[in-house]
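Q: Questions regarding the structure given below will be posed in turn.
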Amino acid sequence: MNSPHSDLTVQPPSLHPDPIAPKPGGESEWFHPGTLHLWLLTILISALAIAAMNYRWLNVQRSHEADTTIVHDQSELEEFLRKNHDTREFTTEDKPYRIPTGFYIQSLAFVAASDVNITGYIWQKYPADFPDIEKGIVFPEEVDSKEVRVEEVYRDGGEQDGIQYELIGWYFDVTVRQSFDYSNYPLDILTVWLRIWPKEFKEAYRILLVPDFHAYAKTGKSTFGLDTEIVHGEWEIDETFFSYKDVPYDTNFGFFSEAAEEHSFKEFFFNIAIRRKFINAFVINLVPLFGVALLLFAQLLIVSGKKELVERFGSSVNDAIVTCSAVFFVILLAHTQVRSQFPESGLVYIEYFYLIMYLAISLSAANMYIFSLGEFRCLNLIHYKDNLISKLVYWPVLLWLMAIATWAAL
């Protein structure tokens, strides 16, 4: 006789090899007509973050050093010299000899983050009554004296503003070391300069280098003194200009005739303002980051508690962790490459994006793991409608973190 319970069998608890515990049914809860308005709101908030970043990118301003005085023409030069007589050149009874100096740049290339190779021509005009002081120039910021070329290529005489001059021109090829601010990389705008001293060191205070404005067709707020065929590379040239900077020295360099007290000299600079090409920076830095962000979002979308969807996508926490590890090392290698370019700089702008992506990868992996644990009262937000909230907030949170970093860093 059959037992009344003989038709019942004990079913063991279901053990899913996939840690993401599937639920019955194959219809996704996170994307259906009832959630469309939430996705539209997500798109709107994300678009506002992108607009905020673009606005800031387009309004990055160049700022020159506060202690640098720019002179655009002869009238500005005269006004500047009339008001500034507190440097060593003006401490003697005799006025310093004004030496009109000009530059023509043929090439400019970064050989390292702080080293720039510049080639071109420099000329100077010495008045007829110039004393017996050696004529010539030196580059105080040169880094490889054996490779520096300064060759006299022409010499002439003539009259300018009623004064007789001897004109001497040199061709130069020099690599100079300068300190640049890369904090806005890859939207940085730099000022490369050429700084020269008179060759006669002991009598340098008797010489005042001034711009040879007469040698240029225009010297206003534009570019001048550049070869029209100059190769820009990854840079665009915004402006060239002359400037002065009062540089203090706390030594008399051992001369017996000089008192050991601090002196400032009015040093002369030719400046080239350059900015990095945005398209290059975008492709090199932002496209890989955007690709990783898309991959993480795609992986987040296939996370589901629906049995049919789990079987269709074949997703598992193990696969998710492997993917997160892979993209983590991709970002880490890219970040290391950026960091190696500026070993002496602080945190540059693009590095904030890498730090944000590290956070996004970590949170994505944590979300998938926690979701796979099943229902917990304290984790209802993650399990709500098949991980809907995590999927909705992914792009707004990621993009607004980038927007905040942009406004804080630039």
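Letters for chains follow the order of the structure tokens (A, B, ...), residue numbers begin at 1 for each chain, and ligand numbers begin at 1 in the order shown.
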Determine which residues of region 45-239 of chain A DSSP labels as strand (DSSP E or B) from the backbone of this structure, then write them out as a VMD selection string.
A: chain A and resid 68 to 71 97 to 110 115 to 127 137 to 138 142 149 to 160 163 to 177 189 to 195 197 to 198 207 to 211 226 235 to 239
Q: Just the residues within 12 Å of Val322 (chain A), please, counting only C-alpha atoms, with nothing from its chain fewer than 3 positions along; format it as a list of chain:residue names.
A: A:Leu296, A:Gln299, A:Ser315, A:Ser316, A:Val317, A:Asn318, A:Asp319, A:Ser325, A:Ala326, A:Val327, A:Phe328, A:Phe329, A:Ile361, A:Ala365, A:Met368
Q: Nearest to Ser243 (chain A): which of A:Leu194, A:Ile382, A:Leu359, A:Ala52 is it, counting only C-alpha atoms?
A: A:Leu194
Q: Tell me which protein, DNA and RNA residues are within 8 Å of region 225-230 of chain A, counting only C-alpha atoms, leaving out same-chain ones fewer than 2 positions away, and put them as a list in words.
A: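 Non-adjacent residues within range: Phe103, Tyr104, Ile105, Gln106, Ser107, Leu108, Tyr216, Thr223, His232 and Thr240 of chain A.
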Q: Between region 245-350 of chain A and region 71-92 of chain A, at 8 Å or less, what are the per-residue closest atom pairs and their distances in Å? Count only C-alpha atoms, order by chain and rising residue number, and return it as a Markdown table.
A:
```
| residue | atom | partner | partner_atom | distance |
| --- | --- | --- | --- | --- |
| A:Asp246 | CA | A:Thr87 | CA | 7.4 |
| A:His263 | CA | A:Arg88 | CA | 6.0 |
| A:Ser264 | CA | A:Thr87 | CA | 5.0 |
| A:Phe265 | CA | A:Thr87 | CA | 5.3 |
| A:Lys266 | CA | A:Thr87 | CA | 6.3 |
```
Q: Looking at A:Asp181, A:Asp94, A:Asp115, A:Glu166, which one is nearest to Tyr205 (chain A), with distances taken over only C-alpha atoms?
A: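 Answer, going by the shortest atom-to-atom distance: A:Asp94.
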Q: Can you pull out every residue from region 156-360 of chain A that DSSP, working from the backbone, puts in helix (DSSP H, G or I), and format the result as a count of residues only?
A: 74
Q: Excluding Leu286 (chain A) and residues on its chain fewer than 4 positions from it, collect all residues at most 12 Å away from it, counting only C-alpha atoms, and give them as a ChimeraX atom specification.
A: /A:185-187,278-282,290-293,331,334-335,349-354,357,402
Q: Keeping only C-alpha atoms, write the selected residues as a CSV table (one decimal), in the first residue's frame.
A:
```csv
chain,number,residue,atom,x,y,z
A,185,TYR,CA,47.8,69.1,-18.7
A,186,PRO,CA,46.5,68.3,-21.3
A,187,LEU,CA,44.9,71.7,-21.5
A,278,PHE,CA,43.2,69.9,-27.9
A,279,ILE,CA,42.4,67.1,-30.4
A,280,ASN,CA,45.7,65.4,-29.7
A,281,ALA,CA,45.1,65.6,-26.0
A,282,PHE,CA,41.6,64.3,-26.4
A,290,PHE,CA,35.8,57.0,-22.1
A,291,GLY,CA,36.2,53.5,-23.5
A,292,VAL,CA,36.8,52.0,-20.1
A,293,ALA,CA,33.8,53.9,-18.6
A,331,ILE,CA,44.1,52.6,-16.6
A,334,ALA,CA,48.1,54.9,-19.0
A,335,HIS,CA,48.3,56.8,-15.7
A,349,TYR,CA,44.7,67.9,-14.2
A,350,ILE,CA,44.2,64.6,-16.2
A,351,GLU,CA,45.3,62.6,-13.3
A,352,TYR,CA,42.1,63.5,-11.4
A,353,PHE,CA,40.2,61.6,-14.2
A,354,TYR,CA,42.4,58.5,-13.6
A,357,MET,CA,38.2,55.9,-12.8
A,402,MET,CA,34.9,64.8,-13.5
```
